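Trainee: Please find one structure pasted underneath; my questions will follow.
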Amino acid sequence: MKQFFLGLISLFSLGLNAQMPQEFNTSDPNYLEDQFYLGLTYNFLLDKPTDFKQTNLSYGLQGGIIKDIPLNAQRTWAIGIGLGYAVNSYYSNLLAAESMNGVEYALIEENAVIIDDEEISVKRNKIETHLLELPFEFRWRNSSAEEYKFWRVYYGIKLGYVFSARSKLVTSKDKTIFKNPDVRKFQYGLMFNFGYNTFNVHIYYSLSGLLEDGSVLGAEDLNMKPLRVGLIFYIL
């Protein structure tokens with residue numbers, strides 16, 4: 001957790017520095033905007049099963065590079081095509097456990113699990129994903145080569161490939177970690193970024209489920225979809 005907050009402070013500092021005037025802009029009529037990004041989100045899960053609850057701080061971190069392609073002479077309209085990396089954690093009372101039949105799911109009740117007939121308190125329980133992301137944006141901003149404080153509205157789609165996913169349970173006695181094959185490899189959704197100068201809101205709504213089709217909790221299908229809301233900072 002200490003490293004998380006240190007990372008947040010560094011992220012904020014970079015965002016502030018990114019908005020400082022750049023000397024080369026005043027002499028370059030072919031300037032480009034927002035070619036790198038860093039973001040921090042809170043991760044919600046929608047379409048939850050009965051009695052499912054999110055716990056702790058379900059956070060996400062993202063960063064990457066964007067190719068800015070202006071569409072008009074004023075360079076206020078553009079397309080952005082990018083490549084990035086993201087890590088997302090989803091803390092909840094949904095317990096994943098390995099079995100002979102694959103991954104089985106159950107709900108943690110009263111913050112405790114029963115192991116070998118012993119009740120053990122649960123500290124943290126999560127699904128964590130690491131993704132390569134491909135954002136595709138339509139971009140509007142009222143910037144110029146001399147103006148580094150401006151409004152922006154960016155919207156589009158984001159494709160993601162989960163190259164690593166794991167479930168992690170931390171109890172008062174020990175911790176259990178395993179690679180979770182039920183996490184959907186290919187994910188996609190809609191994104192919307194808007195703001196002024198340093199602070200910009202980032203919203204991502206997934207059109208694909210977090211888990212593969214066929215993942216169940218008792219008689220209920222696990223069709224949870226991520227909704228990520230937070231801040232995004234642009235550089236250069």
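Every chain in the structure tokens has a letter given in the order shown (A, B, ...), and although residue numbers restart at 1 in each chain, ligands are simply numbered from 1 in the order shown.
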I'd like the neighbourhood of stretch 148-152 of chain A as a list of chain:residue names, where a residue qualifies if any of its atoms comes within 7 Å (using only C-alpha atoms), though same-chain residues fewer than 2 positions away should be ignored.
Mentor: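 Using only C-alpha atoms, the neighbours found are A:Gln19, A:Pro21, A:Trp140, A:Arg141, A:Asn142, A:Ser143, A:Glu146, A:Tyr154, A:Phe194, A:Gly195, A:Tyr196, A:Asn197.
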Trainee: When DSSP is applied to the backbone of this structure, which of stretch 116-203 of chain A are assigned strand (DSSP E)? Write them out as a PDB file with C-alpha atoms, in the first residue's frame.
Mentor:
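File produced: out11.pdb:
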```pdb
ATOM      1  CA  GLU A 118     -10.988 -24.101  11.113  1.00  0.00           C
ATOM      2  CA  GLU A 119     -12.449 -20.620  10.671  1.00  0.00           C
ATOM      3  CA  ILE A 120      -9.763 -18.206   9.458  1.00  0.00           C
ATOM      4  CA  SER A 121     -10.237 -14.464   9.013  1.00  0.00           C
ATOM      5  CA  VAL A 122      -9.748 -12.968   5.541  1.00  0.00           C
ATOM      6  CA  LYS A 123      -7.640  -9.836   5.068  1.00  0.00           C
ATOM      7  CA  ARG A 124      -7.760  -9.429   1.286  1.00  0.00           C
ATOM      8  CA  ASN A 125      -9.190 -11.298  -1.657  1.00  0.00           C
ATOM      9  CA  LYS A 126      -8.865 -10.191  -5.262  1.00  0.00           C
ATOM     10  CA  ILE A 127      -8.568 -10.911  -8.961  1.00  0.00           C
ATOM     11  CA  GLU A 128      -5.667  -9.079 -10.610  1.00  0.00           C
ATOM     12  CA  THR A 129      -5.115  -8.576 -14.340  1.00  0.00           C
ATOM     13  CA  HIS A 130      -2.200  -7.306 -16.424  1.00  0.00           C
ATOM     14  CA  LEU A 131      -3.084  -6.122 -19.910  1.00  0.00           C
ATOM     15  CA  LEU A 132      -1.627  -4.827 -23.141  1.00  0.00           C
ATOM     16  CA  GLU A 133      -4.056  -2.162 -24.358  1.00  0.00           C
ATOM     17  CA  LEU A 134      -4.812  -0.615 -27.753  1.00  0.00           C
ATOM     18  CA  PRO A 135      -6.780   2.637 -27.387  1.00  0.00           C
ATOM     19  CA  PHE A 136      -8.363   4.240 -30.459  1.00  0.00           C
ATOM     20  CA  GLU A 137      -9.595   7.796 -29.857  1.00  0.00           C
ATOM     21  CA  PHE A 138     -11.405  10.588 -31.646  1.00  0.00           C
ATOM     22  CA  ARG A 139      -9.915  13.775 -30.203  1.00  0.00           C
ATOM     23  CA  TRP A 140     -11.089  17.376 -29.886  1.00  0.00           C
ATOM     24  CA  ARG A 141      -9.141  20.094 -28.076  1.00  0.00           C
ATOM     25  CA  TRP A 151     -10.018  21.824 -22.913  1.00  0.00           C
ATOM     26  CA  ARG A 152     -10.034  18.310 -24.343  1.00  0.00           C
ATOM     27  CA  VAL A 153     -12.702  15.715 -25.110  1.00  0.00           C
ATOM     28  CA  TYR A 154     -11.432  12.314 -26.241  1.00  0.00           C
ATOM     29  CA  TYR A 155     -13.661   9.305 -26.854  1.00  0.00           C
ATOM     30  CA  GLY A 156     -13.392   5.941 -28.531  1.00  0.00           C
ATOM     31  CA  ILE A 157     -12.750   2.266 -27.877  1.00  0.00           C
ATOM     32  CA  LYS A 158     -10.046   0.329 -26.073  1.00  0.00           C
ATOM     33  CA  LEU A 159      -8.977  -3.231 -26.832  1.00  0.00           C
ATOM     34  CA  GLY A 160      -7.121  -5.240 -24.230  1.00  0.00           C
ATOM     35  CA  TYR A 161      -5.216  -8.524 -24.089  1.00  0.00           C
ATOM     36  CA  VAL A 162      -4.803 -10.054 -20.619  1.00  0.00           C
ATOM     37  CA  PHE A 163      -1.352 -11.661 -20.610  1.00  0.00           C
ATOM     38  CA  SER A 164      -1.410 -12.398 -16.879  1.00  0.00           C
ATOM     39  CA  ALA A 165      -4.279 -12.944 -14.433  1.00  0.00           C
ATOM     40  CA  ARG A 166      -4.288 -14.326 -10.942  1.00  0.00           C
ATOM     41  CA  SER A 167      -6.512 -14.810  -7.929  1.00  0.00           C
ATOM     42  CA  LYS A 168      -5.075 -13.998  -4.518  1.00  0.00           C
ATOM     43  CA  LEU A 169      -6.408 -14.732  -1.031  1.00  0.00           C
ATOM     44  CA  VAL A 170      -4.648 -13.358   2.060  1.00  0.00           C
ATOM     45  CA  THR A 171      -5.776 -14.680   5.430  1.00  0.00           C
ATOM     46  CA  LYS A 175      -1.817 -16.433   1.359  1.00  0.00           C
ATOM     47  CA  THR A 176      -2.877 -18.426  -1.696  1.00  0.00           C
ATOM     48  CA  ILE A 177      -2.063 -17.248  -5.232  1.00  0.00           C
ATOM     49  CA  PHE A 178      -2.730 -18.991  -8.542  1.00  0.00           C
ATOM     50  CA  LYS A 179      -3.064 -18.118 -12.211  1.00  0.00           C
ATOM     51  CA  PHE A 186      -9.525 -10.477 -24.944  1.00  0.00           C
ATOM     52  CA  GLN A 187     -11.426  -7.515 -23.501  1.00  0.00           C
ATOM     53  CA  TYR A 188     -12.884  -4.412 -25.115  1.00  0.00           C
ATOM     54  CA  GLY A 189     -14.969  -1.428 -24.146  1.00  0.00           C
ATOM     55  CA  LEU A 190     -15.856   2.243 -24.579  1.00  0.00           C
ATOM     56  CA  MET A 191     -13.799   5.083 -23.115  1.00  0.00           C
ATOM     57  CA  PHE A 192     -14.392   8.790 -22.580  1.00  0.00           C
ATOM     58  CA  ASN A 193     -11.792  11.290 -21.381  1.00  0.00           C
ATOM     59  CA  PHE A 194     -12.510  14.969 -20.756  1.00  0.00           C
ATOM     60  CA  GLY A 195     -11.069  17.833 -18.767  1.00  0.00           C
ATOM     61  CA  TYR A 196      -8.999  20.992 -18.679  1.00  0.00           C
ATOM     62  CA  PHE A 199      -7.006  17.214 -14.409  1.00  0.00           C
ATOM     63  CA  ASN A 200      -8.918  15.011 -16.809  1.00  0.00           C
ATOM     64  CA  VAL A 201     -11.611  12.467 -16.019  1.00  0.00           C
ATOM     65  CA  HIS A 202     -11.253   8.982 -17.488  1.00  0.00           C
ATOM     66  CA  ILE A 203     -14.219   6.598 -17.852  1.00  0.00           C
TER      67      ILE A 203
END
```
Trainee: Which residues, written as a list in words, have at least one atom at most 6 Å from A:Lys67, with only C-alpha atoms counted and residues fewer than 3 positions away on the same chain left out?
Mentor: Gly80, Ile81 and Gly82 of chain A
Trainee: Residues near stretch 212-228 of chain A, anyone? I mean within 7 Å using only C-alpha atoms, not counting same-chain ones fewer than 2 positions away, as an mmCIF file with N, CA and C atoms, in the first residue's frame.
Mentor:
```cif
data_model
loop_
_atom_site.group_PDB
_atom_site.id
_atom_site.type_symbol
_atom_site.label_atom_id
_atom_site.label_comp_id
_atom_site.auth_asym_id
_atom_site.auth_seq_id
_atom_site.Cartn_x
_atom_site.Cartn_y
_atom_site.Cartn_z
ATOM 1 N N THR A 41 -7.405 4.749 -11.672
ATOM 2 C CA THR A 41 -8.852 4.560 -11.633
ATOM 3 C C THR A 41 -9.295 3.791 -10.398
ATOM 4 N N TYR A 42 -10.586 3.947 -10.092
ATOM 5 C CA TYR A 42 -11.261 3.042 -9.163
ATOM 6 C C TYR A 42 -12.086 2.096 -10.015
ATOM 7 N N ASN A 43 -12.011 0.801 -9.731
ATOM 8 C CA ASN A 43 -12.639 -0.208 -10.567
ATOM 9 C C ASN A 43 -13.921 -0.741 -9.933
ATOM 10 N N PHE A 44 -15.039 -0.479 -10.593
ATOM 11 C CA PHE A 44 -16.326 -1.049 -10.196
ATOM 12 C C PHE A 44 -16.571 -2.325 -10.995
ATOM 13 N N LEU A 45 -17.425 -3.189 -10.464
ATOM 14 C CA LEU A 45 -17.897 -4.359 -11.202
ATOM 15 C C LEU A 45 -19.422 -4.285 -11.284
ATOM 16 N N LEU A 46 -19.932 -4.331 -12.514
ATOM 17 C CA LEU A 46 -21.363 -4.276 -12.758
ATOM 18 C C LEU A 46 -21.905 -5.674 -13.047
ATOM 19 N N ASP A 47 -23.226 -5.787 -13.061
ATOM 20 C CA ASP A 47 -23.893 -7.075 -13.300
ATOM 21 C C ASP A 47 -23.418 -8.130 -12.302
ATOM 22 N N LYS A 48 -23.422 -7.749 -11.040
ATOM 23 C CA LYS A 48 -22.894 -8.613 -9.976
ATOM 24 C C LYS A 48 -23.894 -9.699 -9.590
ATOM 25 N N PRO A 49 -23.414 -10.846 -9.153
ATOM 26 C CA PRO A 49 -24.313 -11.894 -8.646
ATOM 27 C C PRO A 49 -24.871 -11.506 -7.277
ATOM 28 N N TYR A 105 -16.054 -21.146 -7.575
ATOM 29 C CA TYR A 105 -16.268 -19.871 -6.906
ATOM 30 C C TYR A 105 -17.279 -20.020 -5.771
ATOM 31 N N ALA A 106 -17.024 -19.261 -4.711
ATOM 32 C CA ALA A 106 -17.931 -19.213 -3.569
ATOM 33 C C ALA A 106 -17.825 -17.819 -2.962
ATOM 34 N N ASP A 182 -9.842 -18.526 -15.909
ATOM 35 C CA ASP A 182 -11.207 -18.090 -16.207
ATOM 36 C C ASP A 182 -11.289 -16.622 -16.630
ATOM 37 N N VAL A 183 -10.258 -15.845 -16.357
ATOM 38 C CA VAL A 183 -10.278 -14.436 -16.739
ATOM 39 C C VAL A 183 -10.219 -14.336 -18.265
ATOM 40 N N ARG A 184 -11.108 -13.550 -18.825
ATOM 41 C CA ARG A 184 -11.206 -13.423 -20.282
ATOM 42 C C ARG A 184 -9.928 -12.795 -20.848
ATOM 43 N N ILE A 203 -13.152 7.580 -18.076
ATOM 44 C CA ILE A 203 -14.219 6.598 -17.852
ATOM 45 C C ILE A 203 -14.070 5.485 -18.886
ATOM 46 N N TYR A 204 -14.063 4.262 -18.411
ATOM 47 C CA TYR A 204 -14.015 3.100 -19.295
ATOM 48 C C TYR A 204 -15.125 2.140 -18.897
ATOM 49 N N TYR A 205 -15.961 1.780 -19.879
ATOM 50 C CA TYR A 205 -17.037 0.816 -19.650
ATOM 51 C C TYR A 205 -16.791 -0.407 -20.515
ATOM 52 N N SER A 206 -16.597 -1.544 -19.884
ATOM 53 C CA SER A 206 -16.296 -2.758 -20.626
ATOM 54 C C SER A 206 -17.553 -3.335 -21.276
ATOM 55 N N SER A 208 -17.235 -6.366 -22.579
ATOM 56 C CA SER A 208 -16.985 -7.800 -22.396
ATOM 57 C C SER A 208 -16.899 -8.105 -20.906
ATOM 58 N N GLY A 209 -17.217 -9.337 -20.546
ATOM 59 C CA GLY A 209 -17.184 -9.734 -19.146
ATOM 60 C C GLY A 209 -15.758 -9.905 -18.638
ATOM 61 N N LEU A 210 -15.594 -9.761 -17.328
ATOM 62 C CA LEU A 210 -14.279 -9.978 -16.730
ATOM 63 C C LEU A 210 -13.869 -11.446 -16.848
ATOM 64 N N GLY A 230 -11.737 7.399 -13.112
ATOM 65 C CA GLY A 230 -10.599 7.991 -12.416
ATOM 66 C C GLY A 230 -10.043 9.199 -13.131
#
```
Trainee: Find the residues around stretch 59-62 of chain A up to 7 Å (only C-alpha atoms counted), leave out those fewer than 2 positions away in its own chain, and share them as a VMD selection string.
Mentor: chain A and resid 38 to 43 57 85 to 89
Trainee: Write the residues you've just listed into a file as a tab-separated table (two decimals), in the first residue's frame, and include C-alpha atoms for each of them.
Mentor:
```tsv
chain	number	residue	atom	x	y	z
A	38	LEU	CA	-0.77	7.97	-17.24
A	39	GLY	CA	-3.98	7.12	-15.40
A	40	LEU	CA	-5.36	6.04	-12.06
A	41	THR	CA	-8.85	4.56	-11.63
A	42	TYR	CA	-11.26	3.04	-9.16
A	43	ASN	CA	-12.64	-0.21	-10.57
A	57	LEU	CA	-9.62	-0.41	-2.80
A	85	TYR	CA	-0.04	-1.32	-20.27
A	86	ALA	CA	-2.55	-1.57	-17.42
A	87	VAL	CA	-2.83	-3.41	-14.13
A	88	ASN	CA	-6.25	-3.75	-12.50
A	89	SER	CA	-7.25	-5.21	-9.14
```
Trainee: Counting only C-alpha atoms, figure out which residue out of A:Tyr90, A:Ala97, A:Trp77, A:Lys173 gets nearest to A:Glu33.
Mentor: A:Trp77
Trainee: Between atom CA of A:Ser92 and atom CA of A:Lys53, measure the distance and give it in Å to one decimal.
Mentor: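 About the pair atom CA of A:Ser92 and atom CA of A:Lys53: they are 5.6 Å apart.
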Trainee: By how many Å are atom CA of A:Phe36 and atom CA of A:Leu236 apart?
Mentor: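 For atom CA of A:Phe36 relative to atom CA of A:Leu236, the distance reads 6.7 Å.
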Trainee: Extract the full set of alpha helix (DSSP H) residues from stretch 4-236 of chain A according to DSSP on the backbone, and format it as a JSON list (two decimals) with C-alpha atoms, in the first residue's frame.
Mentor:
```json
[["chain", "number", "residue", "atom", "x", "y", "z"],
["A", 4, "PHE", "CA", 0.81, 2.45, -4.20],
["A", 5, "PHE", "CA", 0.55, 5.91, -2.61],
["A", 6, "LEU", "CA", 4.12, 6.77, -3.58],
["A", 7, "GLY", "CA", 3.23, 5.86, -7.14],
["A", 8, "LEU", "CA", 0.15, 8.07, -6.94],
["A", 9, "ILE", "CA", 2.23, 11.04, -5.79],
["A", 10, "SER", "CA", 4.71, 10.48, -8.61],
["A", 11, "LEU", "CA", 1.85, 10.22, -11.09],
["A", 12, "PHE", "CA", 0.40, 13.53, -9.92],
["A", 13, "SER", "CA", 3.79, 15.24, -10.13],
["A", 14, "LEU", "CA", 4.33, 14.02, -13.67],
["A", 15, "GLY", "CA", 0.88, 15.28, -14.63],
["A", 16, "LEU", "CA", 1.70, 18.74, -13.34],
["A", 17, "ASN", "CA", 5.05, 18.83, -15.12],
["A", 18, "ALA", "CA", 3.40, 17.66, -18.31]]
```
